[in-house]
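Undergrad: Next comes structure.cif, mmCIF, C-alpha atoms and all ligand atoms:
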data_input
#
loop_
_atom_site.label_atom_id
_atom_site.label_comp_id
_atom_site.auth_asym_id
_atom_site.auth_seq_id
_atom_site.Cartn_x
_atom_site.Cartn_y
_atom_site.Cartn_z
CA MET A 1 -168.71 37.23 -71.51
CA ALA A 2 -168.31 38.45 -67.93
CA LYS A 3 -168.09 42.20 -67.46
CA VAL A 4 -165.73 44.03 -65.07
CA ILE A 5 -167.09 47.25 -63.50
CA THR A 6 -164.51 49.53 -61.90
CA GLY A 7 -164.85 52.48 -59.53
CA VAL A 8 -167.71 50.80 -57.66
CA GLY A 9 -168.70 52.08 -54.19
CA CYS A 10 -169.03 49.67 -51.28
CA PRO A 11 -172.36 49.97 -49.45
CA TYR A 12 -171.27 48.95 -46.00
CA CYS A 13 -169.22 51.09 -43.62
CA GLY A 14 -168.60 54.83 -43.41
CA ALA A 15 -165.28 54.53 -45.23
CA SER A 16 -167.47 54.27 -48.38
CA CYS A 17 -164.60 52.87 -50.49
CA ASP A 18 -165.15 53.76 -54.14
CA ASP A 19 -162.35 51.73 -55.73
CA ILE A 20 -164.08 48.34 -55.80
CA GLU A 21 -163.91 46.18 -58.94
CA VAL A 22 -166.86 43.88 -59.50
CA THR A 23 -167.06 41.16 -62.15
CA VAL A 24 -170.66 40.34 -63.13
CA SER A 25 -172.13 37.56 -65.28
CA ASP A 26 -172.77 38.38 -68.94
CA ASP A 27 -176.54 38.62 -68.33
CA GLY A 28 -175.85 41.25 -65.63
CA THR A 29 -177.69 39.36 -62.89
CA LYS A 30 -174.96 37.80 -60.76
CA VAL A 31 -171.85 39.07 -58.99
CA LEU A 32 -169.01 36.69 -59.80
CA GLU A 33 -165.96 38.32 -58.24
CA VAL A 34 -165.19 41.33 -56.05
CA LYS A 35 -161.74 42.91 -55.83
CA ASN A 36 -160.28 45.54 -53.46
CA ALA A 37 -163.10 45.26 -50.89
CA CYS A 38 -162.42 44.01 -47.35
CA ALA A 39 -163.99 40.74 -46.21
CA ILE A 40 -167.18 42.52 -45.09
CA GLY A 41 -167.58 44.55 -48.29
CA ASN A 42 -166.95 41.43 -50.36
CA GLN A 43 -169.84 39.65 -48.64
CA VAL A 44 -172.24 42.57 -49.21
CA PHE A 45 -171.90 42.20 -52.98
CA HIS A 46 -172.13 38.40 -53.00
CA HIS A 47 -175.03 38.37 -50.55
CA ALA A 48 -177.16 40.54 -52.86
CA SER A 49 -177.33 37.81 -55.49
CA THR A 50 -177.95 34.98 -53.04
CA PRO A 51 -180.74 32.61 -54.14
CA GLY A 52 -183.87 32.73 -51.97
CA ARG A 53 -183.87 36.49 -51.63
CA ILE A 54 -187.30 38.00 -50.80
CA THR A 55 -188.61 39.61 -53.99
CA SER A 56 -192.25 40.37 -53.12
CA PRO A 57 -193.84 42.38 -50.30
CA ARG A 58 -195.15 40.22 -47.45
CA LEU A 59 -198.24 40.90 -45.32
CA ARG A 60 -198.71 39.46 -41.84
CA GLN A 61 -201.77 37.19 -41.57
CA PRO A 62 -204.01 36.69 -38.50
CA ASP A 63 -202.30 33.34 -37.82
CA GLY A 64 -198.90 35.09 -37.69
CA THR A 65 -197.61 33.81 -41.03
CA TYR A 66 -196.66 36.01 -43.96
CA LYS A 67 -198.50 36.08 -47.31
CA GLU A 68 -196.90 37.49 -50.46
CA ILE A 69 -198.76 40.48 -51.92
CA SER A 70 -198.18 42.75 -54.90
CA TYR A 71 -196.24 46.00 -54.70
CA GLU A 72 -199.46 47.82 -55.60
CA GLU A 73 -201.25 46.41 -52.57
CA ALA A 74 -198.25 47.03 -50.30
CA ILE A 75 -198.04 50.65 -51.45
CA ASP A 76 -201.77 51.15 -50.87
CA ARG A 77 -201.53 49.67 -47.37
CA ALA A 78 -198.46 51.73 -46.46
CA ALA A 79 -200.12 54.93 -47.73
CA ARG A 80 -203.33 54.22 -45.78
CA ILE A 81 -201.38 53.51 -42.57
CA LEU A 82 -199.49 56.80 -42.90
CA VAL A 83 -202.59 58.83 -43.81
CA ASN A 84 -204.58 57.42 -40.88
CA ALA A 85 -201.85 57.72 -38.25
CA LYS A 86 -201.78 60.79 -36.00
CA LYS A 87 -198.07 60.54 -35.19
CA PRO A 88 -196.21 58.08 -37.45
CA LEU A 89 -192.47 57.58 -37.02
CA ILE A 90 -190.25 56.98 -40.06
CA TYR A 91 -186.85 55.83 -38.83
CA GLY A 92 -183.65 54.27 -40.13
CA PHE A 93 -181.78 55.21 -43.33
CA GLY A 94 -178.58 53.42 -42.33
CA SER A 95 -178.49 51.73 -45.72
CA THR A 96 -180.01 53.75 -48.51
CA ASN A 97 -179.01 56.50 -50.91
CA CYS A 98 -179.75 60.23 -50.71
CA GLU A 99 -182.44 59.91 -53.37
CA GLY A 100 -184.34 57.47 -51.10
CA MET A 101 -183.86 59.77 -48.09
CA SER A 102 -185.21 62.75 -49.96
CA ALA A 103 -188.25 60.79 -51.23
CA ALA A 104 -188.91 59.56 -47.68
CA GLY A 105 -188.69 63.18 -46.48
CA ARG A 106 -191.53 64.12 -48.83
CA VAL A 107 -193.64 61.24 -47.49
CA ALA A 108 -192.87 62.21 -43.88
CA GLU A 109 -193.88 65.82 -44.51
CA LYS A 110 -197.12 64.73 -46.17
CA ALA A 111 -197.88 62.29 -43.33
CA GLY A 112 -197.04 64.80 -40.58
CA ALA A 113 -194.55 62.27 -39.23
CA VAL A 114 -191.44 62.27 -37.11
CA LEU A 115 -188.46 61.62 -39.39
CA ASP A 116 -185.34 60.23 -37.76
CA ASN A 117 -182.21 58.31 -38.67
CA CYS A 118 -179.76 55.97 -36.96
CA ALA A 119 -177.68 58.94 -35.74
CA SER A 120 -180.43 59.19 -33.14
CA ILE A 121 -178.89 56.14 -31.42
CA CYS A 122 -175.25 56.58 -32.44
CA HIS A 123 -173.53 59.86 -33.43
CA GLY A 124 -176.51 62.08 -32.52
CA SER A 125 -174.56 63.31 -29.51
CA SER A 126 -171.85 64.46 -31.95
CA PHE A 127 -174.40 66.69 -33.66
CA LEU A 128 -175.24 68.33 -30.33
CA ALA A 129 -171.57 69.06 -29.66
CA ILE A 130 -171.00 70.30 -33.21
CA PHE A 131 -173.99 72.67 -32.96
CA ASP A 132 -172.43 74.14 -29.79
CA ASN A 133 -168.75 74.13 -30.65
CA GLY A 134 -168.23 73.92 -34.43
CA TYR A 135 -166.49 71.23 -36.44
CA PRO A 136 -162.88 71.92 -37.49
CA SER A 137 -162.83 68.97 -39.88
CA CYS A 138 -161.30 68.08 -43.25
CA THR A 139 -161.67 65.45 -45.96
CA LEU A 140 -160.18 61.97 -45.92
CA GLY A 141 -158.18 63.01 -48.99
CA GLU A 142 -156.48 65.71 -46.89
CA VAL A 143 -155.71 63.13 -44.21
CA LYS A 144 -154.16 60.81 -46.77
CA ASN A 145 -152.09 63.54 -48.41
CA ARG A 146 -151.13 65.67 -45.40
CA ALA A 147 -151.57 64.02 -42.00
CA ASP A 148 -148.40 62.93 -40.18
CA VAL A 149 -150.05 62.38 -36.78
CA ILE A 150 -153.27 60.40 -36.41
CA VAL A 151 -155.23 59.94 -33.19
CA TYR A 152 -157.84 57.19 -33.04
CA TRP A 153 -159.83 58.00 -29.90
CA ALA A 154 -162.46 55.48 -28.79
CA SER A 155 -162.67 53.99 -32.25
CA ASN A 156 -161.45 50.69 -33.65
CA PRO A 157 -161.27 50.93 -37.45
CA ALA A 158 -159.37 47.63 -37.66
CA HIS A 159 -162.76 46.00 -37.10
CA ALA A 160 -165.43 48.65 -37.78
CA HIS A 161 -163.94 50.31 -40.89
CA PRO A 162 -161.44 47.70 -42.11
CA ARG A 163 -159.87 49.76 -44.96
CA HIS A 164 -159.85 53.12 -43.19
CA MET A 165 -156.24 52.76 -42.08
CA SER A 166 -154.97 51.46 -45.43
CA ARG A 167 -156.90 53.87 -47.64
CA TYR A 168 -156.82 57.15 -45.73
CA SER A 169 -154.90 57.38 -42.49
CA ILE A 170 -151.92 55.19 -41.59
CA PHE A 171 -150.57 53.27 -44.55
CA PRO A 172 -151.22 55.15 -47.83
CA ARG A 173 -148.57 57.34 -49.45
CA GLY A 174 -150.00 60.75 -50.28
CA PHE A 175 -148.75 63.97 -51.88
CA PHE A 176 -146.98 65.23 -48.73
CA THR A 177 -146.85 61.83 -47.02
CA GLY A 178 -144.61 59.90 -49.41
CA LYS A 179 -143.21 57.65 -46.70
CA GLY A 180 -146.66 56.30 -45.82
CA HIS A 181 -146.69 54.54 -42.46
CA MET A 182 -142.98 55.30 -41.90
CA GLY A 183 -143.70 59.03 -41.89
CA ARG A 184 -146.66 58.94 -39.53
CA LYS A 185 -147.15 58.68 -35.79
CA ILE A 186 -150.26 56.86 -34.61
CA ILE A 187 -151.78 57.40 -31.18
CA CYS A 188 -154.65 55.18 -30.05
CA ILE A 189 -156.69 56.07 -26.98
CA ASP A 190 -158.97 53.25 -25.95
CA PRO A 191 -159.77 51.32 -22.75
CA ARG A 192 -159.18 48.06 -24.62
CA VAL A 193 -156.11 46.66 -26.37
CA THR A 194 -157.79 46.63 -29.76
CA ASP A 195 -156.23 45.62 -33.07
CA THR A 196 -156.01 49.37 -33.83
CA ALA A 197 -154.10 49.86 -30.56
CA ARG A 198 -151.70 47.11 -31.67
CA VAL A 199 -150.63 49.03 -34.79
CA ALA A 200 -150.33 52.35 -32.94
CA ASP A 201 -147.03 53.89 -31.81
CA ILE A 202 -148.61 54.94 -28.54
CA HIS A 203 -151.60 53.35 -26.83
CA LEU A 204 -153.11 55.24 -23.92
CA GLN A 205 -155.37 52.78 -22.12
CA VAL A 206 -157.79 55.30 -20.68
CA GLN A 207 -160.04 54.17 -17.84
CA GLN A 208 -163.50 53.33 -19.15
CA GLY A 209 -165.76 56.40 -18.94
CA HIS A 210 -162.93 58.84 -18.02
CA ASP A 211 -162.26 60.33 -21.47
CA TYR A 212 -163.40 63.80 -20.43
CA GLU A 213 -160.70 63.95 -17.73
CA LEU A 214 -158.05 62.91 -20.19
CA PHE A 215 -159.15 65.56 -22.71
CA ASN A 216 -158.99 68.09 -19.89
CA ALA A 217 -155.45 66.96 -19.06
CA PHE A 218 -154.39 67.35 -22.71
CA ARG A 219 -155.88 70.84 -22.84
CA THR A 220 -154.14 71.81 -19.59
CA VAL A 221 -150.80 70.53 -20.82
CA LEU A 222 -151.20 72.23 -24.19
CA HIS A 223 -151.79 75.52 -22.38
CA GLY A 224 -148.64 75.03 -20.30
CA GLY A 225 -150.38 73.93 -17.09
CA ASP A 226 -149.47 71.11 -14.74
CA ILE A 227 -151.51 67.91 -14.24
CA PRO A 228 -151.59 65.17 -11.56
CA ASP A 229 -149.17 62.23 -11.83
CA MET A 230 -151.99 60.02 -13.07
CA VAL A 231 -155.09 61.07 -15.03
CA ALA A 232 -157.83 58.64 -16.10
CA GLY A 233 -155.42 55.75 -15.54
CA ILE A 234 -152.66 57.29 -17.71
CA PRO A 235 -149.29 58.35 -16.22
CA LYS A 236 -148.45 62.05 -16.60
CA GLU A 237 -145.30 61.37 -18.66
CA LYS A 238 -147.33 59.42 -21.25
CA ILE A 239 -149.76 62.33 -21.61
CA LEU A 240 -146.84 64.77 -21.97
CA GLU A 241 -145.23 62.53 -24.59
CA ALA A 242 -148.45 62.26 -26.66
CA ALA A 243 -149.17 66.01 -26.32
CA GLY A 244 -145.61 66.76 -27.47
CA ILE A 245 -146.08 64.64 -30.62
CA MET A 246 -149.42 66.30 -31.32
CA LYS A 247 -147.96 69.81 -30.96
CA LYS A 248 -145.11 69.03 -33.34
CA ALA A 249 -147.38 67.56 -36.06
CA ARG A 250 -147.41 69.19 -39.48
CA PHE A 251 -151.06 68.14 -39.89
CA GLY A 252 -153.00 66.03 -37.42
CA THR A 253 -156.42 64.41 -37.32
CA VAL A 254 -158.43 63.04 -34.40
CA PHE A 255 -160.78 60.25 -35.50
CA TYR A 256 -163.24 59.57 -32.71
CA GLY A 257 -165.82 56.84 -32.44
CA MET A 258 -168.82 55.65 -30.54
CA GLY A 259 -166.71 55.12 -27.43
CA LEU A 260 -166.99 58.87 -26.85
CA CYS A 261 -170.66 59.23 -27.83
CA HIS A 262 -171.85 56.30 -25.74
CA SER A 263 -169.83 56.50 -22.55
CA ASP A 264 -170.23 58.86 -19.60
CA GLY A 265 -170.18 62.42 -20.89
CA ARG A 266 -171.55 61.66 -24.39
CA ASN A 267 -171.88 64.99 -26.23
CA HIS A 268 -169.65 66.66 -23.63
CA ASN A 269 -166.84 64.27 -24.59
CA VAL A 270 -167.20 65.31 -28.23
CA ASP A 271 -167.47 68.95 -27.22
CA ILE A 272 -164.15 68.86 -25.36
CA ALA A 273 -162.54 66.84 -28.20
CA ILE A 274 -163.45 69.71 -30.52
CA SER A 275 -162.06 72.23 -28.01
CA MET A 276 -158.79 70.25 -27.80
CA THR A 277 -158.58 70.29 -31.60
CA ARG A 278 -159.06 74.04 -31.57
CA ASP A 279 -156.33 74.38 -28.92
CA LEU A 280 -153.93 72.37 -31.08
CA ASN A 281 -154.53 74.81 -33.93
CA GLU A 282 -152.71 77.44 -31.85
CA PHE A 283 -149.54 75.44 -32.61
CA THR A 284 -150.15 73.67 -35.94
CA LYS A 285 -152.94 72.35 -38.17
CA TRP A 286 -155.33 69.90 -36.52
CA THR A 287 -158.68 68.50 -37.60
CA ILE A 288 -161.30 66.16 -36.14
CA MET A 289 -163.70 63.67 -37.70
CA ALA A 290 -166.45 61.37 -36.45
CA MET A 291 -166.05 57.74 -37.51
CA ARG A 292 -169.58 57.46 -38.96
CA GLY A 293 -170.78 53.88 -39.09
CA HIS A 294 -172.75 53.27 -42.27
CA TYR A 295 -171.72 54.13 -45.82
CA ASN A 296 -174.32 56.91 -46.14
CA ILE A 297 -175.30 57.74 -42.59
CA ALA A 298 -173.86 61.21 -43.17
CA GLY A 299 -176.46 61.48 -45.97
CA PRO A 300 -179.66 62.17 -43.99
CA GLY A 301 -177.94 64.95 -42.06
CA VAL A 302 -177.07 66.64 -45.35
CA VAL A 303 -180.28 65.90 -47.26
CA TRP A 304 -182.73 66.74 -44.46
CA SER A 305 -180.83 69.83 -43.34
CA TRP A 306 -181.35 71.05 -46.87
CA GLN A 307 -185.01 69.92 -46.98
CA PHE A 308 -186.13 70.77 -43.44
CA GLY A 309 -183.30 72.59 -41.66
CA PHE A 310 -182.53 69.76 -39.22
CA PRO A 311 -180.39 66.60 -39.50
CA TYR A 312 -182.38 64.13 -37.35
CA CYS A 313 -185.24 63.78 -34.82
CA ILE A 314 -187.39 65.98 -37.10
CA ASP A 315 -190.92 66.38 -35.78
CA MET A 316 -193.35 67.41 -38.54
CA THR A 317 -196.52 66.49 -36.67
CA LYS A 318 -197.43 70.15 -36.16
CA ARG A 319 -197.09 70.69 -39.93
CA ASP A 320 -196.32 74.42 -39.87
CA LEU A 321 -193.82 74.10 -37.01
CA VAL A 322 -191.06 71.64 -37.89
CA HIS A 323 -188.75 71.17 -34.94
CA MET A 324 -186.02 68.94 -33.56
CA ASN A 325 -185.47 68.19 -29.88
CA PRO A 326 -183.51 65.00 -29.10
CA GLY A 327 -184.91 63.44 -25.95
CA GLU A 328 -188.38 64.61 -26.94
CA THR A 329 -188.47 63.86 -30.70
CA SER A 330 -185.88 61.05 -30.85
CA SER A 331 -187.13 57.63 -31.92
CA VAL A 332 -186.31 55.58 -28.84
CA ASP A 333 -187.73 58.24 -26.49
CA LEU A 334 -190.94 58.47 -28.54
CA ALA A 335 -191.27 54.69 -28.57
CA MET A 336 -190.54 54.34 -24.84
CA ARG A 337 -193.32 56.84 -24.12
CA ASP A 338 -195.61 54.98 -26.56
CA GLU A 339 -196.28 58.21 -28.44
CA VAL A 340 -196.28 56.97 -32.04
CA ASP A 341 -199.16 55.12 -33.65
CA ALA A 342 -197.42 53.77 -36.77
CA PHE A 343 -193.81 52.86 -37.45
CA VAL A 344 -191.80 52.63 -40.68
CA ASN A 345 -188.42 50.94 -40.23
CA ILE A 346 -186.32 51.63 -43.33
CA GLY A 347 -182.80 50.41 -44.05
CA THR A 348 -182.04 49.51 -40.45
CA ASP A 349 -183.08 46.98 -37.82
CA ALA A 350 -184.96 48.63 -34.96
CA GLY A 351 -185.99 45.12 -33.86
CA ALA A 352 -182.36 44.41 -33.02
CA HIS A 353 -181.18 47.85 -31.91
CA PHE A 354 -184.01 49.36 -29.86
CA PRO A 355 -184.63 48.52 -26.18
CA ILE A 356 -187.21 45.74 -25.79
CA PRO A 357 -189.85 48.00 -24.11
CA ALA A 358 -189.56 50.42 -27.07
CA VAL A 359 -190.11 47.55 -29.51
CA GLN A 360 -193.05 46.28 -27.45
CA HIS A 361 -194.74 49.69 -27.63
CA LEU A 362 -194.08 50.04 -31.37
CA LYS A 363 -195.47 46.55 -31.94
CA LYS A 364 -198.89 47.63 -30.65
CA HIS A 365 -199.31 49.70 -33.83
CA PRO A 366 -198.84 49.05 -37.56
CA TRP A 367 -195.14 48.32 -38.24
CA ILE A 368 -193.77 48.47 -41.79
CA THR A 369 -190.23 47.35 -42.60
CA ILE A 370 -188.62 48.45 -45.86
CA ASP A 371 -185.45 46.41 -46.31
CA PRO A 372 -183.91 44.12 -48.93
CA ASN A 373 -183.19 41.47 -46.33
CA ILE A 374 -184.82 39.44 -43.64
CA CYS A 375 -183.88 40.90 -40.27
CA MET A 376 -185.38 41.00 -36.79
CA ALA A 377 -187.48 44.04 -37.72
CA SER A 378 -188.83 42.37 -40.87
CA GLU A 379 -189.81 39.31 -38.89
CA ILE A 380 -191.97 41.23 -36.41
CA SER A 381 -193.47 43.59 -38.99
CA ASP A 382 -197.04 43.70 -40.21
CA LEU A 383 -195.79 44.54 -43.67
CA HIS A 384 -192.33 43.85 -45.12
CA ILE A 385 -191.49 45.53 -48.44
CA PRO A 386 -188.24 44.42 -50.07
CA VAL A 387 -186.23 46.99 -52.02
CA ALA A 388 -183.15 46.98 -54.23
CA VAL A 389 -179.74 46.91 -52.51
CA VAL A 390 -178.15 50.35 -52.91
CA GLY A 391 -174.66 50.18 -54.38
CA VAL A 392 -175.36 46.76 -55.89
CA GLU A 393 -178.77 46.79 -57.57
CA THR A 394 -179.18 50.55 -57.81
CA GLY A 395 -176.81 53.50 -57.74
CA GLY A 396 -177.21 56.90 -56.14
CA VAL A 397 -175.44 59.57 -54.16
CA VAL A 398 -173.96 58.76 -50.77
CA TYR A 399 -172.08 60.98 -48.32
CA ARG A 400 -168.89 59.45 -46.94
CA MET A 401 -167.97 60.00 -43.26
CA ASP A 402 -166.14 63.23 -44.21
CA ASN A 403 -169.33 64.56 -45.87
CA VAL A 404 -167.90 64.16 -49.37
CA PRO A 405 -170.61 63.04 -51.83
CA ILE A 406 -169.84 60.00 -53.94
CA GLN A 407 -171.84 58.62 -56.85
CA PHE A 408 -172.37 54.89 -56.23
CA LYS A 409 -172.96 52.58 -59.20
CA LYS A 410 -175.44 49.85 -59.93
CA VAL A 411 -173.65 46.60 -60.79
CA VAL A 412 -176.47 44.05 -61.29
CA GLU A 413 -180.17 44.19 -62.13
CA PRO A 414 -182.52 43.99 -59.11
CA ALA A 415 -183.98 40.52 -58.77
CA GLY A 416 -187.62 40.05 -59.72
CA GLY A 417 -188.47 43.68 -60.52
CA ILE A 418 -187.82 44.92 -56.98
CA LEU A 419 -188.36 48.68 -56.57
CA THR A 420 -185.71 51.07 -55.28
CA ASP A 421 -186.29 53.01 -52.04
CA GLU A 422 -186.82 56.18 -54.05
CA GLU A 423 -189.37 54.55 -56.39
CA LEU A 424 -191.20 53.00 -53.45
CA PHE A 425 -191.47 56.24 -51.44
CA ASP A 426 -192.49 58.19 -54.55
CA LYS A 427 -195.30 55.69 -55.16
CA ILE A 428 -196.40 55.83 -51.52
CA TYR A 429 -196.46 59.64 -51.79
CA GLU A 430 -198.58 59.50 -54.97
CA ARG A 431 -201.02 57.09 -53.32
CA MET A 432 -201.27 59.34 -50.23
CA CYS A 433 -202.17 62.25 -52.53
CA GLU A 434 -204.86 60.11 -54.23
CA LEU A 435 -206.28 59.09 -50.86
CA ASP A 436 -206.40 62.77 -49.87
CA GLN A 437 -208.41 63.55 -52.97
CA GLU A 438 -210.76 60.61 -52.44
CA ALA A 439 -211.48 61.74 -48.86
S1 LIG B 1 -163.76 49.33 -45.47
FE1 LIG B 1 -165.98 49.58 -45.39
S2 LIG B 1 -166.55 50.61 -47.31
FE2 LIG B 1 -164.43 49.80 -47.55
S3 LIG B 1 -164.69 47.77 -48.49
FE3 LIG B 1 -164.66 47.43 -46.27
S4 LIG B 1 -166.81 47.51 -45.62
FE4 LIG B 1 -166.69 48.38 -47.68
#
Translate this structure into structure tokens?
TA:
Amino acid sequence: MAKVITGVGCPYCGASCDDIEVTVSDDGTKVLEVKNACAIGNQVFHHASTPGRITSPRLRQPDGTYKEISYEEAIDRAARILVNAKKPLIYGFGSTNCEGMSAAGRVAEKAGAVLDNCASICHGSSFLAIFDNGYPSCTLGEVKNRADVIVYWASNPAHAHPRHMSRYSIFPRGFFTGKGHMGRKIICIDPRVTDTARVADIHLQVQQGHDYELFNAFRTVLHGGDIPDMVAGIPKEKILEAAGIMKKARFGTVFYGMGLCHSDGRNHNVDIAISMTRDLNEFTKWTIMAMRGHYNIAGPGVVWSWQFGFPYCIDMTKRDLVHMNPGETSSVDLAMRDEVDAFVNIGTDAGAHFPIPAVQHLKKHPWITIDPNICMASEISDLHIPVAVVGVETGGVVYRMDNVPIQFKKVVEPAGGILTDEELFDKIYERMCELDQEA
């Protein structure tokens, strides 16, 4: 008899939907049907029970092929690599739970490693702006129930977070937003005519890389100043119209994406976005939120800030002096300078995302990939250790993009006795302690 599990969390994008219904086979090993998820989320659940999944660790052989080894041997090898390295880098955490992140933190501390997550190459610049200028944010529940003006700036949830608009921002009816879409104004600011721009009431097609100027124009207008007839490719009257709507909002939210973090200005764009939000609070209630990419990429920032005092780029190589300095202790910069002598890629794909010279430097040293799937990183690794898929084969706590913790559920048994990230890192830690004692 098939079993239906409700209230399941989707382990894909930062919207972290927790209303998924999954039907599993009566033996609890196969996902049969997924309801409520978008097309991407649906695939994540079905993919986990695909035949041919890697279920044993694989060790690179001298001829370049992989040989299956036991978990015990893989754990021993990983522990030895970390114990022997002078400056190992443990990077990733785009797709794991907080329990796995915390366990990896213990291993990193023991190894005297640099511990970093994907924010290092995506919303890390947001952190820098938030440190400087604060974060007048809110929860997605408040957006759903209160927001009558939404600004999507340099983000395209129609593709990157497919249910964001229907679950939280534009379409849902909330406590004070009973008319749903009819009661909301949507402003999209993006150089491209995206699918999000198509559903917006106003689309300001800002010139690529000129967001800072446009923010400045909004701030000037909000303070009663005058602006040129055209700013960043946008006519003055359009800016005045959008600013007027924003000032009259009952509750507004700016959702900003990677278009701000990765175009000219980077953290300065986010900084001025926060300042504009603060300006708007002189007239009414406004909030701002980063469109975080992965379902728990807010997690390492929370977990490691609690463990070590820093959210990313955490250098523990000096043991008694933990510090963070993006540019110096960030993964790509370390790799480009060929400063690390062992690399653990966990729950991400540095092989696909890092610049080629960075990958070439990392490849000179032992490279371990911890990931349920075959990816570019796994295929160039010396050691690939498969783990259970979080949100499908194991549960755990994840932090949604608004930093709200959600308990994700396990829906099927992990294939072939695969370990979870937490179990794997705990075992590596134990083995490192044994090796210490043997030395
Ligand atoms: S919007 Fe994101 S979290 Fe929600 S179902 Fe789709 S992929 Fe999953």
Undergrad: Give me, as a short mmCIF file (atom, residue, chain, number, x, y, z; two decimals) with C-alpha atoms, in the coordinates of the input, the set of residues whose atoms come within 6 Å of any atom of ligand LIG 1 (chain B), counting all atoms listed in the file.
TA:
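Written output follows (selection08.cif):
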data_model
loop_
_atom_site.label_atom_id
_atom_site.label_comp_id
_atom_site.auth_asym_id
_atom_site.auth_seq_id
_atom_site.Cartn_x
_atom_site.Cartn_y
_atom_site.Cartn_z
CA CYS A 10 -169.03 49.67 -51.28
CA TYR A 12 -171.27 48.95 -46.00
CA CYS A 13 -169.22 51.09 -43.62
CA ALA A 15 -165.28 54.53 -45.23
CA SER A 16 -167.47 54.27 -48.38
CA CYS A 17 -164.60 52.87 -50.49
CA ALA A 37 -163.10 45.26 -50.89
CA CYS A 38 -162.42 44.01 -47.35
CA ILE A 40 -167.18 42.52 -45.09
CA GLY A 41 -167.58 44.55 -48.29
CA HIS A 161 -163.94 50.31 -40.89
CA PRO A 162 -161.44 47.70 -42.11
CA ARG A 163 -159.87 49.76 -44.96
CA HIS A 164 -159.85 53.12 -43.19
#
Undergrad: From the set A:Leu32, A:Leu383, A:Val199, A:Met101, which residue has the shortest atom-to-atom contact distance to A:Glu423, counting all atoms listed in the file?
TA: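 Counting all atoms listed in the file, the residue closest to A:Glu423 is A:Met101.
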Undergrad: Counting only C-alpha atoms, figure out which residue out of A:Val303, A:Ala352, A:Ile406, A:Met182 gets nearest to A:Glu99.
TA: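 The closest residue to A:Glu99 is A:Val303.
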Undergrad: What's around A:Asp19 at 7 Å? Count only C-alpha atoms, leave out sequence neighbours fewer than 2 positions away in its own chain, and write the answer as a list in words.
TA: Thr6, Gly7, Val8, Gly9, Cys17, Glu21 and Asn36 of chain A
Undergrad: Restricting the calculation to all atoms listed in the file, which member of A:Ser95, A:Thr196, A:Gln208, A:Thr329 is positioned closest to A:Asp264?
TA: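 Checking each candidate against A:Asp264, we get A:Gln208 as the closest.
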Undergrad: Between atom CA of A:Val44 and atom CA of A:Val392, measure the distance and give it in Å to one decimal.
TA: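 Separation of atom CA of A:Val44 and atom CA of A:Val392: 8.5 Å.
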Undergrad: Taking all atoms listed in the file into account, name the residue in A:Leu222, A:Ala273, A:Val389, A:Val397 that is nearest to A:Ile297.
TA: A:Val397
Undergrad: Scan for residues within 6 Å of the point (-192.8, 44.7, -46.8) in the coordinates of the file, using only C-alpha atoms, and reply as a list in words.
TA: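 Residues with an atom at most 6 Å from (-192.8, 44.7, -46.8): Pro57, Arg58, Thr369, Ile370, Leu383, His384, Ile385 and Pro386 of chain A.
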Undergrad: For A:Gly391, list every protein, DNA or RNA residue within 7 Å, evaluated using only C-alpha atoms, and leave out those in the same chain fewer than 3 positions away; present the list as a short mmCIF file (atom, residue, chain, number, x, y, z; two decimals) with C-alpha atoms, in the coordinates of the input.
TA:
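So selection29.cif came out as:
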data_model
loop_
_atom_site.label_atom_id
_atom_site.label_comp_id
_atom_site.auth_asym_id
_atom_site.auth_seq_id
_atom_site.Cartn_x
_atom_site.Cartn_y
_atom_site.Cartn_z
CA GLY A 9 -168.70 52.08 -54.19
CA CYS A 10 -169.03 49.67 -51.28
CA PRO A 11 -172.36 49.97 -49.45
CA THR A 394 -179.18 50.55 -57.81
CA GLY A 395 -176.81 53.50 -57.74
CA PHE A 408 -172.37 54.89 -56.23
CA LYS A 409 -172.96 52.58 -59.20
CA LYS A 410 -175.44 49.85 -59.93
#
Undergrad: Anything within 9 Å of (-156.7, 59.5, -18.0): list those residues as a ChimeraX atom specification, counting all atoms listed in the file and sticking to the file's coordinates.
TA: /A:204-207,210-215,217,230-236,239
Undergrad: Dump C-alpha atoms for the selected residues as a CSV table (one decimal), in the frame of the given file?
TA:
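Written output follows (part23.csv):
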chain,number,residue,atom,x,y,z
A,204,LEU,CA,-153.1,55.2,-23.9
A,205,GLN,CA,-155.4,52.8,-22.1
A,206,VAL,CA,-157.8,55.3,-20.7
A,207,GLN,CA,-160.0,54.2,-17.8
A,210,HIS,CA,-162.9,58.8,-18.0
A,211,ASP,CA,-162.3,60.3,-21.5
A,212,TYR,CA,-163.4,63.8,-20.4
A,213,GLU,CA,-160.7,64.0,-17.7
A,214,LEU,CA,-158.0,62.9,-20.2
A,215,PHE,CA,-159.2,65.6,-22.7
A,217,ALA,CA,-155.4,67.0,-19.1
A,230,MET,CA,-152.0,60.0,-13.1
A,231,VAL,CA,-155.1,61.1,-15.0
A,232,ALA,CA,-157.8,58.6,-16.1
A,233,GLY,CA,-155.4,55.8,-15.5
A,234,ILE,CA,-152.7,57.3,-17.7
A,235,PRO,CA,-149.3,58.4,-16.2
A,236,LYS,CA,-148.4,62.0,-16.6
A,239,ILE,CA,-149.8,62.3,-21.6
Undergrad: Check the smallest atom-to-atom distance from each of A:Phe283, A:Val22, A:Ser56, A:Arg167 to A:Ser70 using all atoms listed in the file, then report the winner.
TA: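 Using all atoms listed in the file, A:Ser70 sits closest to A:Ser56.
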